[in-house]
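What follows is one structure encoded as structure tokens, with my remarks underneath.
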Amino acid sequence: MARVVVDVMLKPEILDPQGQAVQRALPRLGFTGIADVRQGKRFELELEGPVDEAALARIREAAETFLANTVIEDFTVRVEQP
Amino acid sequence: MARVVVDVMLKPEILDPQGQAVQRALPRLGFTGIADVRQGKRFELELEGPVDEAALARIREAAETFLANTVIEDFTVRVEQP
Amino acid sequence: MTLDTVKHATGTPEAEQPWAALGLKADEYARIREILGRRPTGAELAMYSVMWSEHCSYKSSKVHLKQFGEKAPASDAMLVGIGENAGVVDVGQGYAVTFKIESHNHPSYIEPYQGAATGIGGIVRDILAMGARPVAVMDPLRFGAPDHPDTRRVLPGIVAGIGGYGNCLGLPNIGGEVVFDSCYQGNPLVNALCVGVMKHEDIHLAQASGAGNKVILYGARTGGDGIGGVSVLASETFDATGPAKRPAVQVGDPFQEKLLIECTLEVFAEKLVLGIQDLGGAGLSCATSELASAGSGGMRVELDSVPLRDATLSPEEILMSESQERMCAIVEPEKVARFLEICEKWDVIATVIGEVTEGERLEIFWHGEQIVDVPPRSVAHDGPTYQRPFARPSWQDALQADAPTAERLKRPASGEELRATVLQLAGSPNQADKSWITSQYDRYVLGNTVLSTPEDSGMVRIDEETNLGVAVATDGNGRYAKLDPYTGAQLALAEAYRNVAATGAKPLAVSDCLNFGSPEDPDVMWQFAEATRGLADACQILGTPVTGGNVSLYNQTGDVAIHPTPVVAVLGVIDDVNRRTPIGFAEEGQLVYLLGDTADEFGGSAWAQVAHDHLGGLPPKLDLERERLLAEVLIAGSRDGMVDAAHDLSDGGLAQALAESCLRGGKGVRLVVPDGLNAFTFLFSESAGRAVVSVPRSEELRFTEMCGVRGLPATRVGVVDGDSIDLQGHFTLPLAELREAHTGVIEALLG
Amino acid sequence: MSARIGVVTFPGSLDDRDAQRAVRLAGAEPVALWHRDQDLHQVDAVVLPGGFSYGDYLRCGAISRFSPVMDSVIEQARAGMPVLGICNGFQVLCESHLLPGALTRNDSLHFVCRDQRLRIENTGTAWTSAYVPNAEITVPLKNGEGRFVADEHTLDQLEAEGRVVARYLDVNPNGSYRDIAGISNAAGNVVGLMPHPEHAIEPLTGPGTEGLGFFASILKQLVSA
Ligand SMILES: Nc1ncnc2c1ncn2[C@@H]1O[C@H](COP(=O)(O)OP(=O)(O)O)[C@@H](O)[C@H]1O
Ligand SMILES: [Mg+2]
């Protein structure tokens, strides 16, 4: 079976309180030198069939209409090499 | 600046209600052929300095102790090529 | 690996079995062999080991818990008593209420969010299994020192887990407790309570009867979570470096549980269910053996028909899995189709996995081969019983002798010192405002919450036409119980009882969660024996039977146990929720009366802890007849409109109660120290059997006459007035300053 | 004949019975609508209640938007039928693009339940006409993802067209842009609101009765129509 990964991140102009909370906490835990943190979602989809262009097109559509809310989020779709 | 990505996913044996909800919804929306969905988190960290082994080691430690809950989650750390 | 069938086990009597690793003792393993007349199969061994664990079998506590039944006061209200998933109480108008408190301590330490979340999920299923609609939850919590780094890890996760699960389920959180004490470092306590409501005729029991009736498993698929959790998690101690073992953690899915609730209530409404059991600790092992044991006849289960999340699970693992959000129902064959249809409506997976049989055995098959053939009672109800040795600890006398007398602990005397002490107490983590926590809980959903945080008890309306309601409060003071476990357990009951009465409800019944250290330590076992004896005796006198509860042992790190912490929940009924009494002083000019007697009692007090970090002496004396009288007066005062506000006195004494009532109502008080008391004792003593009330002037005569006739001391100590607490001749404390000290404390520690 | 107001139950809806009670106390007839049923049963208006429809694990409202009942609600809303989305219902309306913007994780990262003061800034909508202009009311608020966000242009447009229906007072409980608690569509028939007016309808079980106005408004509008 093949795996396709969809990454969904808030658009840069939208405030990301989760990422900020992580960023604020890191120095307190002794981790310095990190200028920015953003937190998003990662979906791993296991396809039953082959990962051809048609399959990817359908996943892109699912991401566009469902997995991401494109009012506030961007997404990328990629095939994960095993 | 360099970007390091930390992907955090629930361990395979742990119930993933989020992934399941997506998986159940997909066919109803007309997206078939997806055997399994898991949902996790993606952290994008922008480093101030260079991404050398030392920096990666620190990020791995941060992931281990803070970004992931290793009781139930696995993580991977990788440098994102610009 | 070959399947360890019954036939195979019979033919290989000498095969080595991992009984010790599964937590069984040699004599227990021998007894299993004796019961079966052969060695157990792997699947049988799995079942016995989880079901005979401390957590499921109560083997150390049973002999003591018996008293709750033996000494139970006669009560017309009790419809279902100890032994079922939860007790059921008649509250009138054809309604029955079920409630129960349970612990999820160890899992919450390992994984705070999921541990606490699944604690809520588990207790809600218990209530649902009785046939009731769950209507509210509560969460008594104990944490280590507030400034300890591990508290920062544990507390936010636990609170988020309780909120995350309860909020998503749509159950209002109507109360709980938050207590910090370094004795809980490494052993936080997460107790969860649920209340449910039904009509009398809707009561359901966990039993399987009628050969040919079907066994339906419904809810979530079964996965590899929490396998062995029950025996390992609840029966092993942790060493100082953290969890000794890291068994798979269970993850909750509150949405699935919400569907399970609605679906289950619908199958109840159509009378499709003969017997029902939730799946909690020990999963299918527990549900099948308990159902079969409690009913008549036997049961046959095709284990390979269980829907799985992970196809590689072995039959033993399926039997032990503690996957959440599952239920097991016994349904007549002709009703199965309709049952499945309702499950489909709610998107709930439901599968017939077996049937009730003529025989008296529980038989489980795996792809046609028999892997379990046991008498179900031997698994579910006739587990081992221990008479653990117990003895009064050698240090108990010295602890009690270390009383917080004026000679040993410096007491505030000047007005300035007294004022500072009021502020210090109100701003100490245990006494401070808890809204950083409680604001993460939905208290409004379902639209029937009449009282919730920070009132004395939670109260929900159960009938919108008649305004019938129930109130519940939980309490437990581990410091008192450490000083004297017998009296400490009684004080926990008395406080919860008082809290219910203070809101105007009549106390009816008790549920308890007994959190203790290792039963293998005779000191701890003595604490346990004393606490159960105390609670049973007090329930008898107050007329409130214990309807059910839970025991959590092994709450200790190395050989240091937590304070003995019996948490007691009291449920009361109120005919008209419009008459409920809140704590807030809101009406200028009303008279403030202190009810009960105040003595110099500071053993285990909040003052001794906050001002001196001291624990010694004896806890406050208890007079249960006085408690009962006080409750009668509070209830009559509410019913007849004689009191507008009431607040029980407990930790921190009168000063803390007044601080809370004033801040809540937004009005101050002018006070005088009554004759015969010094200001310090007046303000901070924790004598039991007391409450403070505000009485409208027009009702004063009627109220004092009532107290006089009944023989309850009622002392007028002041009047609601202004915007400060003004103790005449001593100090003035503006409410704004008090509020500043009282709020934001938890946030500052954790934020 | 009194007005019939539908209340949708999605799996995971929690405040559906509460919304029905509010409809009843306001004097209308509540009609239960089921997510799988496209038929709206001739209701005059629809309330999408609070809760965690379908668990809300992906994004609040993301799955409900695709339910059969929403096909009809979207169609009718476009045709002018009054629709009120409360909390999760607001999230569903944004996901359905009946309202602009989105509701995201509270800036505190915590669920928050509190009695919240609001100002009703637009009394011209189907759901707010019973309030006096700029009425200040207190109703419960309870959400984990209630932070309203939209791009600057959309925000400016909402303000310019008077479509900010309610704004938080005293405290912004979740970090909503411009303290926005509720908005409407351009026609004013569709309103989304994060706080819960259906929990401020009886003094016994809420902070007061100032939430009733939302339900009284719709009655007024339907009777006069
Ligand atoms: N964990 C919690 N969850 C919900 N409510 C809580 C919690 N902790 C405390 N509360 C509420 O805060 C109020 C004050 O608690 P507490 O001081 O322990 O009350 P009391 O002293 O009367 O037992 C009560 O209404 C109680 O129910
Ligand atoms: Mg109290």
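Lettering and numbering for the structure tokens are positional, with chains as A, B, ... in the shown order, residues counted from 1 in each chain, and ligands counted from 1 in the shown order.
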Checklist entry - Once you count only C-alpha atoms, which residues of chain D turn out to be within 10 Å of chain C? Could you give them as an MDAnalysis selection string? => result chainID D and resid 10:19 21:22 36 50:57 108 110:115 140:144 196 198:206
Checklist entry - Using only C-alpha atoms, which chain A residues lie at most 12 Å away from chain C, written as an NGL selection string? => result :A and (21 or 24-25 or 29)
Next on the checklist: For Met1 in chain B, find every residue with an atom within 8 Å (counting only C-alpha atoms), except residues of its own chain fewer than 6 positions away, and show them as a list in words.
Outcome noted: Glu46, Leu47, Glu48, Gly49 and Pro50 of chain B
Next on the checklist: Taking the DSSP secondary structure from the backbone, can you list the residues of range 6-225 of chain D that are helix (DSSP H, G or I), as a PyMOL selection string?
Outcome noted: chain D and resi 16-25+53-56+64-66+68-78+88-95+152-160+177-179+197-199+212-224
Can I have chain B aligned to chain A? Use a least-squares fit on all Cα atoms paired in order and write it out as a compact mmCIF listing (two decimals) with N, CA, C and O atoms, in the first residue's frame.
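Once written, selection-v3.txt looks like this:
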```txt
# COMPACT_ATOMS: atom_id res chain seq x y z
N MET B 1 0.76 -1.18 -0.09
CA MET B 1 -0.05 0.03 -0.08
C MET B 1 0.84 1.26 -0.07
O MET B 1 1.93 1.25 0.47
N ALA B 2 0.31 2.34 -0.65
CA ALA B 2 1.11 3.56 -0.74
C ALA B 2 0.60 4.59 0.24
O ALA B 2 -0.58 4.64 0.54
N ARG B 3 1.52 5.41 0.68
CA ARG B 3 1.14 6.44 1.65
C ARG B 3 1.29 7.83 1.05
O ARG B 3 2.30 8.17 0.47
N VAL B 4 0.22 8.60 1.21
CA VAL B 4 0.27 10.00 0.80
C VAL B 4 0.15 10.85 2.06
O VAL B 4 -0.64 10.54 2.95
N VAL B 5 0.98 11.87 2.15
CA VAL B 5 0.96 12.73 3.32
C VAL B 5 0.39 14.09 2.94
O VAL B 5 0.79 14.67 1.93
N VAL B 6 -0.56 14.56 3.74
CA VAL B 6 -1.07 15.91 3.54
C VAL B 6 -0.67 16.73 4.76
O VAL B 6 -1.01 16.39 5.89
N ASP B 7 0.10 17.76 4.53
CA ASP B 7 0.49 18.67 5.61
C ASP B 7 -0.38 19.91 5.53
O ASP B 7 -0.52 20.50 4.46
N VAL B 8 -0.95 20.27 6.65
CA VAL B 8 -1.83 21.45 6.69
C VAL B 8 -1.26 22.43 7.71
O VAL B 8 -1.06 22.07 8.86
N MET B 9 -0.98 23.62 7.26
CA MET B 9 -0.43 24.64 8.16
C MET B 9 -1.27 25.90 8.07
O MET B 9 -1.81 26.22 7.00
N LEU B 10 -1.39 26.63 9.15
CA LEU B 10 -2.05 27.93 9.12
C LEU B 10 -1.31 28.83 8.15
O LEU B 10 -0.08 28.77 8.04
N LYS B 11 -2.03 29.68 7.43
CA LYS B 11 -1.38 30.63 6.55
C LYS B 11 -0.46 31.53 7.36
O LYS B 11 -0.74 31.81 8.52
N PRO B 12 0.60 32.00 6.73
CA PRO B 12 1.60 32.76 7.50
C PRO B 12 1.02 33.98 8.22
O PRO B 12 1.46 34.31 9.31
N GLU B 13 0.00 34.61 7.63
CA GLU B 13 -0.48 35.85 8.26
C GLU B 13 -1.47 35.58 9.40
O GLU B 13 -1.88 36.47 10.11
N ILE B 14 -1.85 34.31 9.55
CA ILE B 14 -2.84 33.98 10.58
C ILE B 14 -2.14 33.66 11.89
O ILE B 14 -1.13 32.95 11.92
N LEU B 15 -2.69 34.18 12.97
CA LEU B 15 -2.14 33.93 14.30
C LEU B 15 -2.14 32.43 14.60
O LEU B 15 -3.10 31.74 14.32
N ASP B 16 -1.03 31.96 15.14
CA ASP B 16 -0.90 30.55 15.46
C ASP B 16 -0.61 30.40 16.96
O ASP B 16 0.53 30.32 17.39
N PRO B 17 -1.68 30.42 17.76
CA PRO B 17 -1.47 30.38 19.22
C PRO B 17 -0.73 29.13 19.66
O PRO B 17 0.05 29.17 20.62
N GLN B 18 -0.93 28.02 18.94
CA GLN B 18 -0.28 26.78 19.33
C GLN B 18 1.23 26.89 19.16
O GLN B 18 2.01 26.58 20.05
N GLY B 19 1.62 27.35 17.96
CA GLY B 19 3.05 27.50 17.70
C GLY B 19 3.68 28.49 18.68
O GLY B 19 4.78 28.27 19.19
N GLN B 20 2.96 29.56 18.96
CA GLN B 20 3.50 30.57 19.87
C GLN B 20 3.72 30.01 21.26
O GLN B 20 4.70 30.33 21.93
N ALA B 21 2.78 29.17 21.71
CA ALA B 21 2.90 28.59 23.05
C ALA B 21 4.16 27.73 23.12
O ALA B 21 4.90 27.77 24.09
N VAL B 22 4.40 26.97 22.07
CA VAL B 22 5.59 26.13 22.04
C VAL B 22 6.85 27.01 22.02
O VAL B 22 7.79 26.80 22.78
N GLN B 23 6.79 28.02 21.17
CA GLN B 23 7.96 28.89 21.04
C GLN B 23 8.30 29.57 22.36
O GLN B 23 9.47 29.68 22.73
N ARG B 24 7.27 30.02 23.08
CA ARG B 24 7.53 30.67 24.36
C ARG B 24 8.09 29.69 25.39
O ARG B 24 8.86 30.06 26.26
N ALA B 25 7.66 28.43 25.29
CA ALA B 25 8.09 27.46 26.30
C ALA B 25 9.52 26.98 26.07
O ALA B 25 10.24 26.71 27.02
N LEU B 26 9.94 26.89 24.82
CA LEU B 26 11.24 26.27 24.53
C LEU B 26 12.42 26.89 25.30
O LEU B 26 13.18 26.16 25.93
N PRO B 27 12.56 28.21 25.28
CA PRO B 27 13.71 28.77 26.01
C PRO B 27 13.66 28.45 27.50
O PRO B 27 14.68 28.19 28.13
N ARG B 28 12.44 28.44 28.07
CA ARG B 28 12.31 28.13 29.48
C ARG B 28 12.80 26.71 29.78
O ARG B 28 13.22 26.39 30.87
N LEU B 29 12.68 25.83 28.78
CA LEU B 29 13.14 24.46 28.97
C LEU B 29 14.60 24.33 28.59
O LEU B 29 15.15 23.23 28.56
N GLY B 30 15.22 25.44 28.23
CA GLY B 30 16.64 25.40 27.92
C GLY B 30 16.95 25.21 26.44
O GLY B 30 18.10 25.01 26.07
N PHE B 31 15.94 25.27 25.59
CA PHE B 31 16.20 25.14 24.15
C PHE B 31 16.17 26.52 23.53
O PHE B 31 15.11 27.12 23.38
N THR B 32 17.34 27.03 23.20
CA THR B 32 17.40 28.38 22.65
C THR B 32 17.72 28.33 21.16
O THR B 32 17.93 27.25 20.60
N GLY B 33 17.74 29.47 20.54
CA GLY B 33 18.14 29.54 19.13
C GLY B 33 17.04 29.18 18.16
O GLY B 33 17.27 28.95 16.99
N ILE B 34 15.79 29.14 18.65
CA ILE B 34 14.69 28.84 17.73
C ILE B 34 13.88 30.12 17.52
O ILE B 34 13.28 30.66 18.44
N ALA B 35 13.92 30.61 16.28
CA ALA B 35 13.37 31.94 16.00
C ALA B 35 11.86 31.91 15.86
O ALA B 35 11.18 32.87 16.17
N ASP B 36 11.33 30.80 15.38
CA ASP B 36 9.89 30.76 15.13
C ASP B 36 9.42 29.32 15.13
O ASP B 36 10.14 28.41 14.72
N VAL B 37 8.21 29.12 15.62
CA VAL B 37 7.59 27.79 15.59
C VAL B 37 6.19 27.92 15.05
O VAL B 37 5.45 28.81 15.46
N ARG B 38 5.83 27.08 14.12
CA ARG B 38 4.43 27.01 13.68
C ARG B 38 3.99 25.56 13.86
O ARG B 38 4.75 24.62 13.67
N GLN B 39 2.73 25.41 14.29
CA GLN B 39 2.22 24.05 14.48
C GLN B 39 1.07 23.80 13.54
O GLN B 39 0.17 24.63 13.40
N GLY B 40 1.12 22.66 12.88
CA GLY B 40 0.06 22.31 11.95
C GLY B 40 -0.34 20.87 12.10
O GLY B 40 -0.02 20.22 13.09
N LYS B 41 -1.06 20.39 11.09
CA LYS B 41 -1.54 19.01 11.15
C LYS B 41 -0.88 18.20 10.05
O LYS B 41 -0.58 18.70 8.98
N ARG B 42 -0.74 16.92 10.33
CA ARG B 42 -0.19 16.00 9.35
C ARG B 42 -1.17 14.85 9.21
O ARG B 42 -1.55 14.22 10.21
N PHE B 43 -1.61 14.61 8.01
CA PHE B 43 -2.49 13.46 7.75
C PHE B 43 -1.72 12.42 6.95
O PHE B 43 -1.09 12.77 5.95
N GLU B 44 -1.77 11.19 7.40
CA GLU B 44 -1.18 10.09 6.62
C GLU B 44 -2.31 9.27 6.04
O GLU B 44 -3.10 8.68 6.79
N LEU B 45 -2.39 9.25 4.74
CA LEU B 45 -3.46 8.49 4.08
C LEU B 45 -2.85 7.26 3.41
O LEU B 45 -1.90 7.37 2.64
N GLU B 46 -3.40 6.09 3.71
CA GLU B 46 -2.96 4.87 3.04
C GLU B 46 -3.93 4.58 1.90
O GLU B 46 -5.12 4.40 2.14
N LEU B 47 -3.40 4.56 0.68
CA LEU B 47 -4.27 4.32 -0.46
C LEU B 47 -4.39 2.84 -0.74
O LEU B 47 -3.44 2.08 -0.56
N GLU B 48 -5.58 2.44 -1.21
CA GLU B 48 -5.75 1.04 -1.58
C GLU B 48 -5.08 0.75 -2.92
O GLU B 48 -4.42 -0.25 -3.09
N GLY B 49 -5.24 1.65 -3.85
CA GLY B 49 -4.70 1.41 -5.18
C GLY B 49 -3.37 2.11 -5.39
O GLY B 49 -2.72 2.52 -4.43
N PRO B 50 -2.97 2.24 -6.63
CA PRO B 50 -1.70 2.89 -6.95
C PRO B 50 -1.80 4.41 -6.78
O PRO B 50 -2.89 4.98 -6.88
N VAL B 51 -0.67 5.03 -6.51
CA VAL B 51 -0.64 6.48 -6.38
C VAL B 51 -0.35 7.10 -7.74
O VAL B 51 0.77 7.46 -8.04
N ASP B 52 -1.38 7.19 -8.55
CA ASP B 52 -1.17 7.81 -9.86
C ASP B 52 -1.68 9.24 -9.83
O ASP B 52 -2.16 9.72 -8.80
N GLU B 53 -1.59 9.90 -10.96
CA GLU B 53 -2.01 11.30 -11.00
C GLU B 53 -3.47 11.46 -10.59
O GLU B 53 -3.84 12.39 -9.87
N ALA B 54 -4.28 10.51 -11.02
CA ALA B 54 -5.72 10.60 -10.72
C ALA B 54 -5.93 10.54 -9.21
O ALA B 54 -6.71 11.31 -8.63
N ALA B 55 -5.24 9.61 -8.56
CA ALA B 55 -5.40 9.47 -7.12
C ALA B 55 -4.95 10.74 -6.41
O ALA B 55 -5.63 11.24 -5.52
N LEU B 56 -3.81 11.26 -6.86
CA LEU B 56 -3.30 12.48 -6.21
C LEU B 56 -4.26 13.65 -6.42
O LEU B 56 -4.46 14.46 -5.52
N ALA B 57 -4.86 13.70 -7.59
CA ALA B 57 -5.79 14.79 -7.86
C ALA B 57 -6.97 14.70 -6.90
O ALA B 57 -7.45 15.70 -6.36
N ARG B 58 -7.42 13.48 -6.67
CA ARG B 58 -8.56 13.32 -5.75
C ARG B 58 -8.16 13.73 -4.33
O ARG B 58 -8.92 14.34 -3.60
N ILE B 59 -6.96 13.35 -3.95
CA ILE B 59 -6.53 13.70 -2.59
C ILE B 59 -6.36 15.21 -2.46
O ILE B 59 -6.72 15.80 -1.45
N ARG B 60 -5.84 15.81 -3.51
CA ARG B 60 -5.74 17.26 -3.47
C ARG B 60 -7.11 17.91 -3.30
O ARG B 60 -7.28 18.86 -2.54
N GLU B 61 -8.10 17.30 -3.97
CA GLU B 61 -9.44 17.86 -3.84
C GLU B 61 -9.96 17.66 -2.41
O GLU B 61 -10.59 18.56 -1.83
N ALA B 62 -9.68 16.49 -1.85
CA ALA B 62 -10.13 16.22 -0.48
C ALA B 62 -9.46 17.18 0.49
O ALA B 62 -10.08 17.68 1.44
N ALA B 63 -8.19 17.45 0.24
CA ALA B 63 -7.47 18.38 1.11
C ALA B 63 -8.08 19.77 1.02
O ALA B 63 -8.33 20.43 2.02
N GLU B 64 -8.36 20.16 -0.20
CA GLU B 64 -8.89 21.49 -0.47
C GLU B 64 -10.25 21.69 0.18
O GLU B 64 -10.56 22.74 0.74
N THR B 65 -11.09 20.67 0.08
CA THR B 65 -12.48 20.86 0.53
C THR B 65 -12.70 20.40 1.96
O THR B 65 -13.69 20.75 2.58
N PHE B 66 -11.79 19.58 2.48
CA PHE B 66 -12.15 18.94 3.74
C PHE B 66 -11.02 18.93 4.76
O PHE B 66 -11.18 19.37 5.90
N LEU B 67 -9.84 18.44 4.36
CA LEU B 67 -8.77 18.31 5.35
C LEU B 67 -8.25 19.67 5.79
O LEU B 67 -7.90 19.87 6.95
N ALA B 68 -8.20 20.59 4.86
CA ALA B 68 -7.75 21.94 5.22
C ALA B 68 -8.92 22.90 5.15
O ALA B 68 -9.88 22.68 4.41
N ASN B 69 -8.86 23.92 5.94
CA ASN B 69 -9.82 25.01 5.87
C ASN B 69 -9.10 26.14 5.15
O ASN B 69 -8.32 26.87 5.75
N THR B 70 -9.34 26.24 3.85
CA THR B 70 -8.50 27.13 3.05
C THR B 70 -8.75 28.60 3.33
O THR B 70 -8.06 29.46 2.80
N VAL B 71 -9.73 28.90 4.17
CA VAL B 71 -9.89 30.29 4.59
C VAL B 71 -8.68 30.71 5.44
O VAL B 71 -8.22 31.83 5.37
N ILE B 72 -8.18 29.76 6.21
CA ILE B 72 -7.07 30.12 7.11
C ILE B 72 -5.85 29.22 6.95
O ILE B 72 -4.82 29.49 7.54
N GLU B 73 -5.98 28.12 6.18
CA GLU B 73 -4.88 27.16 6.12
C GLU B 73 -4.39 26.91 4.69
O GLU B 73 -5.17 26.98 3.74
N ASP B 74 -3.11 26.58 4.57
CA ASP B 74 -2.53 26.10 3.32
C ASP B 74 -2.22 24.62 3.48
O ASP B 74 -2.06 24.14 4.60
N PHE B 75 -2.11 23.91 2.37
CA PHE B 75 -1.76 22.49 2.49
C PHE B 75 -0.80 22.07 1.40
O PHE B 75 -0.70 22.74 0.36
N THR B 76 -0.10 20.99 1.64
CA THR B 76 0.70 20.37 0.59
C THR B 76 0.41 18.88 0.59
O THR B 76 0.12 18.30 1.64
N VAL B 77 0.47 18.29 -0.57
CA VAL B 77 0.22 16.85 -0.73
C VAL B 77 1.49 16.23 -1.28
O VAL B 77 2.05 16.75 -2.24
N ARG B 78 1.95 15.17 -0.70
CA ARG B 78 3.13 14.52 -1.29
C ARG B 78 3.10 13.02 -1.01
O ARG B 78 2.51 12.55 -0.04
N VAL B 79 3.74 12.30 -1.90
CA VAL B 79 3.81 10.85 -1.75
C VAL B 79 4.98 10.54 -0.85
O VAL B 79 6.06 11.11 -1.03
N GLU B 80 4.74 9.69 0.12
CA GLU B 80 5.86 9.35 0.99
C GLU B 80 6.57 8.13 0.42
O GLU B 80 5.97 7.09 0.20
N GLN B 81 7.86 8.32 0.17
CA GLN B 81 8.64 7.21 -0.37
C GLN B 81 8.87 6.21 0.76
O GLN B 81 9.24 6.60 1.86
N PRO B 82 8.61 4.95 0.48
CA PRO B 82 8.77 3.96 1.55
C PRO B 82 10.26 3.68 1.82
O PRO B 82 11.12 4.13 1.09
```
Checklist entry - Of the residues C:Val567, C:Ala136, C:Ala350, C:Val179, which is the one nearest to ligand 1, using only C-alpha atoms and all ligand atoms? => result C:Val179
Kindly work out which residues sit at most 10 Å from ligand 2, using only C-alpha atoms and all ligand atoms, and give the list as a compact mmCIF listing (two decimals) with C-alpha atoms, in the first residue's frame.
```
# COMPACT_ATOMS: atom_id res chain seq x y z
CA GLU C 177 -12.22 19.39 44.76
CA PRO C 454 -18.12 27.59 43.77
CA GLU C 455 -21.30 26.63 45.60
CA ASP C 456 -21.40 24.14 48.48
CA SER C 457 -22.83 21.38 46.34
CA ALA C 473 -21.11 17.21 47.19
CA THR C 474 -17.81 15.40 47.62
CA ASP C 475 -15.30 15.88 50.40
CA GLU C 495 -18.66 17.67 55.46
CA ALA C 496 -20.26 16.39 52.29
CA TYR C 497 -23.53 15.84 54.15
CA ARG C 498 -23.36 19.39 55.50
CA ASN C 499 -22.60 20.78 52.06
CA VAL C 500 -25.66 19.12 50.59
CA ALA C 502 -26.42 23.87 53.15
CA THR C 503 -27.87 24.16 49.66
CA ILE C 583 -23.36 30.75 49.43
CA ALA C 646 -25.65 29.52 53.75
CA HIS C 647 -22.10 28.25 53.71
CA ASP C 648 -20.70 25.32 55.63
CA LEU C 649 -17.56 25.81 57.70
CA SER C 650 -14.62 23.57 56.93
CA ASP C 651 -11.00 24.21 55.91
CA ALA C 657 -16.28 30.77 54.68
CA GLU C 660 -16.05 33.08 50.00
CA ALA C 691 -22.37 26.74 59.10
```
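Residues within 6 Å of range 60-70 of chain D, counting only C-alpha atoms and excluding same-chain residues fewer than 5 positions away, are D:His35, D:Arg36, D:Asp37, D:Gln38, D:Gln91, D:Val92, D:Glu95, D:Ser96.
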So that I have them on file, write out the residues from the current selection with N, CA and C atoms, as a PDB file, in the first residue's frame.
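Once written, again04.pdb looks like this:
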```
ATOM      1  N   HIS D  35     -29.651  15.046  11.243  1.00  0.00           N
ATOM      2  CA  HIS D  35     -28.594  15.350  10.273  1.00  0.00           C
ATOM      3  C   HIS D  35     -28.686  14.555   8.977  1.00  0.00           C
ATOM      4  N   ARG D  36     -29.236  13.323   9.085  1.00  0.00           N
ATOM      5  CA  ARG D  36     -29.262  12.496   7.877  1.00  0.00           C
ATOM      6  C   ARG D  36     -30.464  12.804   6.998  1.00  0.00           C
ATOM      7  N   ASP D  37     -31.371  13.646   7.494  1.00  0.00           N
ATOM      8  CA  ASP D  37     -32.639  13.876   6.822  1.00  0.00           C
ATOM      9  C   ASP D  37     -32.591  15.214   6.081  1.00  0.00           C
ATOM     10  N   GLN D  38     -32.768  15.153   4.769  1.00  0.00           N
ATOM     11  CA  GLN D  38     -32.727  16.401   3.989  1.00  0.00           C
ATOM     12  C   GLN D  38     -33.976  17.233   4.183  1.00  0.00           C
ATOM     13  N   GLN D  91     -19.597  27.636  13.766  1.00  0.00           N
ATOM     14  CA  GLN D  91     -18.471  27.002  13.072  1.00  0.00           C
ATOM     15  C   GLN D  91     -18.956  26.297  11.804  1.00  0.00           C
ATOM     16  N   VAL D  92     -20.111  25.653  11.906  1.00  0.00           N
ATOM     17  CA  VAL D  92     -20.662  24.971  10.727  1.00  0.00           C
ATOM     18  C   VAL D  92     -20.999  26.001   9.634  1.00  0.00           C
ATOM     19  N   GLU D  95     -17.767  27.040   7.987  1.00  0.00           N
ATOM     20  CA  GLU D  95     -17.258  25.966   7.136  1.00  0.00           C
ATOM     21  C   GLU D  95     -18.100  25.826   5.866  1.00  0.00           C
ATOM     22  N   SER D  96     -19.396  26.127   5.990  1.00  0.00           N
ATOM     23  CA  SER D  96     -20.289  26.024   4.827  1.00  0.00           C
ATOM     24  C   SER D  96     -20.189  27.246   3.921  1.00  0.00           C
TER      25      SER D  96
END
```
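Atom 12 (O, counted along the ligand's line) of ligand 1 is found 20.2 Å from CA of His104 in chain C.
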Checklist entry - Near Leu591 in chain C, counting only C-alpha atoms, which residues have an atom at most 7 Å away, once you skip same-chain residues fewer than 4 positions from it, shown as a list in words? => result Ser694, Val695, Pro696, Arg697, Gly718, Val719 and Val720 of chain C
Checklist entry - DSSP on the backbone: what in chain B comes out strand (DSSP E), as a ChimeraX atom specification? => result /B:2-10,34-47,73-80
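Using only C-alpha atoms for every distance, the candidate list C:Leu622, C:Val693, C:Leu423, C:Leu553 yields C:Leu423 as the residue closest to Glu740 in chain C.
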